[in-house]
Amino acid sequence: MEYRQLGRSGLRVPALSLGAGTFGGTGPLFSNWGTVDSKGATRMIDISLEHGMNLFDSADVYSDGASETVLGAAIKGRRDKVLISTKLGLPMGDGPNDYGTSRDRLIKATDAALMRLGTDHIDILQLHAFDATTPIEEVMATLDDLIRVGKLRYVGASNFAGWQIMKSLSIAERHGYPRYVAHQVYYSLVGRDYEWDLMPLAEDQGLGALVWSPLGWGRLTGKVRRNTPLPSGSRLKETAQFGPPVDDEMLYDIVDVLDDIAGETGKTVPQVAINWLLQRPTVSSVILGARTEDQLIANLGAVGWSLNDDQTARLDKVSKRTPPYPHYPYYIQEGFARLNPPRFS
């Protein structure tokens, strides 16, 4: 396993990490993601650690806390060997303070996550979404307090817009609060929006990308193909409405190239798709999702080798898309290549 710095921090994380969204498995979305129980999760943690993958990501909203509970049980007795990443901020109830990132909610939600995880600290806490109803000064001051008392080690964001991150970083710097070092983002060959604003920001400000859904919400498994019905058991039948939209023709074109490169390298389509991500700027760790041991072991094969320049260029070309219309100011910036060299395409 390769280890990388998490943004501009001293923490080293594995290039691949395991998402616990498949743990617990309740509700219309998460039950289709996976229903891995404590025994199955323990085995997945075993496999992960055997391969040097020691970062595990969850969220309080995953199966209404069950994901964190199952993860906590699976790491019991080996907390010192793992890094825990989790998220909070999305609704966990119908009450007026059951969502968001107010001081009250941050403190209570952190304590609840610690209890479910069976630990006294969280290595990386990320705010699951920007809360426009709470002053950013309140958010950053509370995160600072939680770090000072030892409940958190590092903080980050997830699914933030560029200006929301920059304003947060500016306020943190002004008051001497800890800065975000991670941004958990959607990024894949069928979803490269991250590159337009957020990747240059991450490079400039020292944010490490923790990539969720690297296989495009299950579309880059090699099972979704042109003129072919979805295979039986595909979670897309039940979960596509919850995930990022995809242009089907673009998807099929990308899968064609992935097929060719898989044949050239002797790797699988998912391994090639994940390896492409590992070569992208600012990516600290790609979060794998797995419902079975076999899926986990197969995806771990995405490390230990690299696409060559030609293969990378072919994937870049087939997956590149201009920003959605109207795409101001991007088309203007692209016209001044000396000022904005295309480093990320």
# chains A, B, ... in the order shown; residues from 1 in each chain; ligands from 1

call {"tool": "select_by_dssp", "arguments": {"residues": "segment 79-189 of chain A", "states": "helix (DSSP H, G or I)", "output": "PyMOL selection string"}}
result
chain A and resi 79-81+103-117+136-148+162-175

call {"tool": "residues_around", "arguments": {"residues": "segment 171-187 of chain A", "least_positions_apart": "4", "cutoff": "7 Å", "atoms": "only C-alpha atoms", "output": "list in words"}}
result
Leu6, Gly7, Arg8, Ser9, Glu137, Met140, Ala141, Asp144, Val155, Gly156, Ala157, Ser158, Asn159, Lys167, Gly191, Arg192, Tyr194, Gly206, Leu207, Gly208, Ala209, Leu210, Val211, Trp212, Ser213 and Pro214 of chain A

call {"tool": "write_last_selection", "arguments": {"atoms": "N, CA and C atoms", "output": "PDB file, in the first residue's frame"}}
result
ATOM      1  N   LEU A   6      -2.149  13.719   3.940  1.00  0.00           N
ATOM      2  CA  LEU A   6      -3.513  14.210   3.823  1.00  0.00           C
ATOM      3  C   LEU A   6      -3.450  15.726   3.692  1.00  0.00           C
ATOM      4  N   GLY A   7      -3.479  16.192   2.450  1.00  0.00           N
ATOM      5  CA  GLY A   7      -3.387  17.616   2.210  1.00  0.00           C
ATOM      6  C   GLY A   7      -2.120  18.188   2.821  1.00  0.00           C
ATOM      7  N   ARG A   8      -2.247  19.383   3.371  1.00  0.00           N
ATOM      8  CA  ARG A   8      -1.115  20.059   4.000  1.00  0.00           C
ATOM      9  C   ARG A   8      -1.145  19.789   5.502  1.00  0.00           C
ATOM     10  N   SER A   9      -1.114  18.496   5.819  1.00  0.00           N
ATOM     11  CA  SER A   9      -1.072  18.080   7.220  1.00  0.00           C
ATOM     12  C   SER A   9       0.046  17.065   7.391  1.00  0.00           C
ATOM     13  N   GLU A 137     -17.920  31.366  11.782  1.00  0.00           N
ATOM     14  CA  GLU A 137     -17.114  31.581  12.985  1.00  0.00           C
ATOM     15  C   GLU A 137     -17.520  30.620  14.104  1.00  0.00           C
ATOM     16  N   MET A 140     -16.190  26.993  13.096  1.00  0.00           N
ATOM     17  CA  MET A 140     -14.750  26.808  13.221  1.00  0.00           C
ATOM     18  C   MET A 140     -14.303  26.883  14.683  1.00  0.00           C
ATOM     19  N   ALA A 141     -14.924  27.761  15.477  1.00  0.00           N
ATOM     20  CA  ALA A 141     -14.581  27.856  16.897  1.00  0.00           C
ATOM     21  C   ALA A 141     -14.934  26.560  17.629  1.00  0.00           C
ATOM     22  N   ASP A 144     -12.482  23.863  16.775  1.00  0.00           N
ATOM     23  CA  ASP A 144     -11.265  24.141  17.524  1.00  0.00           C
ATOM     24  C   ASP A 144     -11.389  23.617  18.956  1.00  0.00           C
ATOM     25  N   VAL A 155      -9.761  18.039  10.838  1.00  0.00           N
ATOM     26  CA  VAL A 155     -11.103  18.367  10.355  1.00  0.00           C
ATOM     27  C   VAL A 155     -11.075  18.639   8.858  1.00  0.00           C
ATOM     28  N   GLY A 156     -12.225  18.417   8.251  1.00  0.00           N
ATOM     29  CA  GLY A 156     -12.356  18.651   6.819  1.00  0.00           C
ATOM     30  C   GLY A 156     -13.815  18.906   6.472  1.00  0.00           C
ATOM     31  N   ALA A 157     -14.072  18.983   5.195  1.00  0.00           N
ATOM     32  CA  ALA A 157     -15.410  19.236   4.684  1.00  0.00           C
ATOM     33  C   ALA A 157     -15.772  18.153   3.674  1.00  0.00           C
ATOM     34  N   SER A 158     -17.033  18.143   3.291  1.00  0.00           N
ATOM     35  CA  SER A 158     -17.485  17.218   2.261  1.00  0.00           C
ATOM     36  C   SER A 158     -18.590  17.896   1.467  1.00  0.00           C
ATOM     37  N   ASN A 159     -18.457  17.854   0.152  1.00  0.00           N
ATOM     38  CA  ASN A 159     -19.476  18.399  -0.750  1.00  0.00           C
ATOM     39  C   ASN A 159     -19.645  19.914  -0.626  1.00  0.00           C
ATOM     40  N   LYS A 167     -13.975  30.617   2.449  1.00  0.00           N
ATOM     41  CA  LYS A 167     -14.428  31.458   3.559  1.00  0.00           C
ATOM     42  C   LYS A 167     -14.116  30.789   4.893  1.00  0.00           C
ATOM     43  N   GLY A 191     -17.479  11.621 -13.781  1.00  0.00           N
ATOM     44  CA  GLY A 191     -17.844  12.814 -13.023  1.00  0.00           C
ATOM     45  C   GLY A 191     -16.615  13.603 -12.634  1.00  0.00           C
ATOM     46  N   ARG A 192     -16.139  14.463 -13.560  1.00  0.00           N
ATOM     47  CA  ARG A 192     -14.895  15.190 -13.338  1.00  0.00           C
ATOM     48  C   ARG A 192     -15.117  16.658 -12.963  1.00  0.00           C
ATOM     49  N   TYR A 194     -15.118  17.988 -10.193  1.00  0.00           N
ATOM     50  CA  TYR A 194     -14.157  18.362  -9.143  1.00  0.00           C
ATOM     51  C   TYR A 194     -12.980  19.156  -9.694  1.00  0.00           C
ATOM     52  N   GLY A 206      -3.906  23.366   0.055  1.00  0.00           N
ATOM     53  CA  GLY A 206      -3.428  22.205   0.800  1.00  0.00           C
ATOM     54  C   GLY A 206      -4.527  21.325   1.355  1.00  0.00           C
ATOM     55  N   LEU A 207      -5.536  21.028   0.523  1.00  0.00           N
ATOM     56  CA  LEU A 207      -6.603  20.112   0.909  1.00  0.00           C
ATOM     57  C   LEU A 207      -6.410  18.781   0.198  1.00  0.00           C
ATOM     58  N   GLY A 208      -6.453  17.699   0.935  1.00  0.00           N
ATOM     59  CA  GLY A 208      -6.360  16.383   0.320  1.00  0.00           C
ATOM     60  C   GLY A 208      -7.747  15.873  -0.024  1.00  0.00           C
ATOM     61  N   ALA A 209      -7.916  15.397  -1.248  1.00  0.00           N
ATOM     62  CA  ALA A 209      -9.211  14.858  -1.661  1.00  0.00           C
ATOM     63  C   ALA A 209      -9.363  13.426  -1.148  1.00  0.00           C
ATOM     64  N   LEU A 210     -10.466  13.185  -0.457  1.00  0.00           N
ATOM     65  CA  LEU A 210     -10.901  11.836  -0.118  1.00  0.00           C
ATOM     66  C   LEU A 210     -12.058  11.546  -1.062  1.00  0.00           C
ATOM     67  N   VAL A 211     -11.845  10.662  -2.005  1.00  0.00           N
ATOM     68  CA  VAL A 211     -12.773  10.502  -3.134  1.00  0.00           C
ATOM     69  C   VAL A 211     -13.846   9.475  -2.816  1.00  0.00           C
ATOM     70  N   TRP A 212     -15.108   9.921  -2.895  1.00  0.00           N
ATOM     71  CA  TRP A 212     -16.206   8.967  -2.734  1.00  0.00           C
ATOM     72  C   TRP A 212     -16.790   8.578  -4.100  1.00  0.00           C
ATOM     73  N   SER A 213     -17.334   7.377  -4.152  1.00  0.00           N
ATOM     74  CA  SER A 213     -17.926   6.812  -5.371  1.00  0.00           C
ATOM     75  C   SER A 213     -16.979   6.888  -6.565  1.00  0.00           C
ATOM     76  N   PRO A 214     -15.782   6.319  -6.443  1.00  0.00           N
ATOM     77  CA  PRO A 214     -14.811   6.380  -7.548  1.00  0.00           C
ATOM     78  C   PRO A 214     -15.250   5.614  -8.788  1.00  0.00           C
TER      79      PRO A 214
END

call {"tool": "select_by_dssp", "arguments": {"residues": "segment 79-218 of chain A", "states": "strand (DSSP E)", "output": "list in words"}}
result
Leu83, Ile84, Ser85, Thr86, Lys87, Leu88, Ile122, Asp123, Ile124, Leu125, Gln126, Leu127, Leu152, Arg153, Tyr154, Val155, Gly156, Ala157, Ser158, Ala182, His183, Gln184, Val185, Tyr186, Gly208, Ala209, Leu210, Val211 and Trp212 of chain A

call {"tool": "residues_around", "arguments": {"residues": "Lys76 of chain A", "least_positions_apart": "3", "cutoff": "10 Å", "atoms": "only C-alpha atoms", "output": "short mmCIF file (atom, residue, chain, number, x, y, z; two decimals) with N, CA and C atoms, in the first residue's frame"}}
result
data_model
loop_
_atom_site.label_atom_id
_atom_site.label_comp_id
_atom_site.auth_asym_id
_atom_site.auth_seq_id
_atom_site.Cartn_x
_atom_site.Cartn_y
_atom_site.Cartn_z
N THR A 42 -15.91 -7.18 10.44
CA THR A 42 -14.65 -7.57 11.09
C THR A 42 -13.73 -8.25 10.09
N LEU A 71 -18.94 -0.49 12.48
CA LEU A 71 -17.52 -0.20 12.33
C LEU A 71 -16.83 -0.22 13.68
N GLY A 72 -17.45 0.39 14.69
CA GLY A 72 -16.86 0.41 16.02
C GLY A 72 -16.66 -0.99 16.58
N ALA A 73 -17.64 -1.87 16.36
CA ALA A 73 -17.51 -3.25 16.83
C ALA A 73 -16.40 -3.98 16.09
N ARG A 79 -7.92 -0.33 17.98
CA ARG A 79 -8.11 1.07 17.65
C ARG A 79 -6.79 1.75 17.29
N ASP A 80 -5.70 1.32 17.91
CA ASP A 80 -4.40 1.95 17.66
C ASP A 80 -3.85 1.62 16.28
N LEU A 117 -18.98 4.58 17.78
CA LEU A 117 -17.70 4.03 17.31
C LEU A 117 -16.90 3.35 18.42
N GLY A 118 -17.27 3.58 19.67
CA GLY A 118 -16.57 2.97 20.79
C GLY A 118 -15.15 3.47 20.94
N THR A 119 -14.95 4.76 20.74
CA THR A 119 -13.60 5.33 20.81
C THR A 119 -13.66 6.67 21.51
#

call {"tool": "atom_distance", "arguments": {"atom1": "atom CA of Gly65 of chain A", "atom2": "atom CA of Thr221 of chain A"}}
result
27.7 Å

call {"tool": "atom_distance", "arguments": {"atom1": "atom CA of Ile124 of chain A", "atom2": "atom CA of Ser85 of chain A"}}
result
4.6 Å

call {"tool": "closest_residue", "arguments": {"among": "A:Ser170, A:Thr26, A:Thr292, A:Ser306", "to": "Arg43 of chain A", "atoms": "only C-alpha atoms"}}
result
A:Thr292

call {"tool": "residues_around", "arguments": {"residues": "segment 254-266 of chain A", "least_positions_apart": "6", "cutoff": "8 Å", "atoms": "only C-alpha atoms", "output": "PyMOL selection string"}}
result
chain A and resi 189-190+220+222+225+272-273+311+314-315+318-319

call {"tool": "write_last_selection", "arguments": {"atoms": "C-alpha atoms", "output": "tab-separated table (two decimals), in the first residue's frame"}}
result
chain	number	residue	atom	x	y	z
A	189	LEU	CA	-14.12	9.15	-14.89
A	190	VAL	CA	-17.83	9.87	-15.41
A	220	LEU	CA	-17.81	1.66	-13.84
A	222	GLY	CA	-17.68	-3.29	-16.11
A	225	ARG	CA	-22.57	-1.59	-21.11
A	272	VAL	CA	-8.21	0.68	-14.15
A	273	ALA	CA	-10.81	3.32	-13.24
A	311	GLN	CA	-3.42	4.85	-21.42
A	314	ARG	CA	-6.84	8.00	-23.70
A	315	LEU	CA	-8.91	7.98	-20.53
A	318	VAL	CA	-12.72	10.12	-23.60
A	319	SER	CA	-13.90	11.41	-20.20

call {"tool": "closest_residue", "arguments": {"among": "A:Gly100, A:Gly40, A:Gly218, A:Gly19", "to": "Glu68 of chain A", "atoms": "only C-alpha atoms"}}
result
A:Gly19

call {"tool": "residues_around", "arguments": {"residues": "Ser67 of chain A", "least_positions_apart": "5", "cutoff": "10 Å", "atoms": "only C-alpha atoms", "output": "ChimeraX atom specification"}}
result
/A:19-26,30,35-38,41,57-62,72,116-117

call {"tool": "residues_around", "arguments": {"residues": "Met92 of chain A", "least_positions_apart": "2", "cutoff": "9 Å", "atoms": "only C-alpha atoms", "output": "PDB file with C-alpha atoms, in the first residue's frame"}}
result
ATOM      1  CA  ASP A  60     -23.680   9.377  11.309  1.00  0.00           C
ATOM      2  CA  VAL A  61     -26.403   9.424   8.649  1.00  0.00           C
ATOM      3  CA  ASP A  64     -29.097   6.097  10.976  1.00  0.00           C
ATOM      4  CA  GLY A  65     -25.878   5.437  12.893  1.00  0.00           C
ATOM      5  CA  GLY A  89     -24.220  17.624   9.534  1.00  0.00           C
ATOM      6  CA  LEU A  90     -27.065  15.977   7.605  1.00  0.00           C
ATOM      7  CA  ASP A  94     -37.077  15.788  12.770  1.00  0.00           C
ATOM      8  CA  GLY A  95     -36.188  18.179  15.575  1.00  0.00           C
ATOM      9  CA  ASP A  98     -31.194  17.497  14.614  1.00  0.00           C
ATOM     10  CA  TYR A  99     -29.350  18.796  11.557  1.00  0.00           C
TER      11      TYR A  99
END

call {"tool": "closest_residue", "arguments": {"among": "A:Arg280, A:Arg219, A:His128, A:Arg103", "to": "Lys87 of chain A", "atoms": "only C-alpha atoms"}}
result
A:His128

call {"tool": "residues_around", "arguments": {"residues": "Gln271 of chain A", "least_positions_apart": "5", "cutoff": "8 Å", "atoms": "only C-alpha atoms", "output": "ChimeraX atom specification"}}
result
/A:298-302

call {"tool": "write_last_selection", "arguments": {"atoms": "N, CA and C atoms", "output": "PDB file, in the first residue's frame"}}
result
ATOM      1  N   ALA A 298     -10.736  -7.585  -4.827  1.00  0.00           N
ATOM      2  CA  ALA A 298     -10.537  -7.220  -6.232  1.00  0.00           C
ATOM      3  C   ALA A 298     -10.144  -5.752  -6.361  1.00  0.00           C
ATOM      4  N   ASN A 299     -10.839  -4.862  -5.640  1.00  0.00           N
ATOM      5  CA  ASN A 299     -10.556  -3.433  -5.762  1.00  0.00           C
ATOM      6  C   ASN A 299      -9.211  -3.051  -5.161  1.00  0.00           C
ATOM      7  N   LEU A 300      -8.733  -3.837  -4.203  1.00  0.00           N
ATOM      8  CA  LEU A 300      -7.405  -3.584  -3.648  1.00  0.00           C
ATOM      9  C   LEU A 300      -6.317  -3.770  -4.705  1.00  0.00           C
ATOM     10  N   GLY A 301      -6.668  -4.450  -5.794  1.00  0.00           N
ATOM     11  CA  GLY A 301      -5.725  -4.636  -6.894  1.00  0.00           C
ATOM     12  C   GLY A 301      -5.510  -3.393  -7.731  1.00  0.00           C
ATOM     13  N   ALA A 302      -6.106  -2.270  -7.337  1.00  0.00           N
ATOM     14  CA  ALA A 302      -5.921  -1.016  -8.067  1.00  0.00           C
ATOM     15  C   ALA A 302      -4.595  -0.349  -7.735  1.00  0.00           C
TER      16      ALA A 302
END

call {"tool": "closest_residue", "arguments": {"among": "A:Gln295, A:Thr110, A:Asn308, A:Asn227", "to": "Ser48 of chain A", "atoms": "only C-alpha atoms"}}
result
A:Gln295

call {"tool": "atom_distance", "arguments": {"atom1": "atom CA of His121 of chain A", "atom2": "atom CA of Gly150 of chain A"}}
result
6.5 Å

call {"tool": "closest_residue", "arguments": {"among": "A:Thr133, A:Ala202, A:Asp120, A:Tyr328", "to": "Ser284 of chain A", "atoms": "only C-alpha atoms"}}
result
A:Ala202

call {"tool": "closest_residue", "arguments": {"among": "A:Ile47, A:Asn97, A:Asp247, A:Arg226", "to": "Arg321 of chain A", "atoms": "only C-alpha atoms"}}
result
A:Asp247
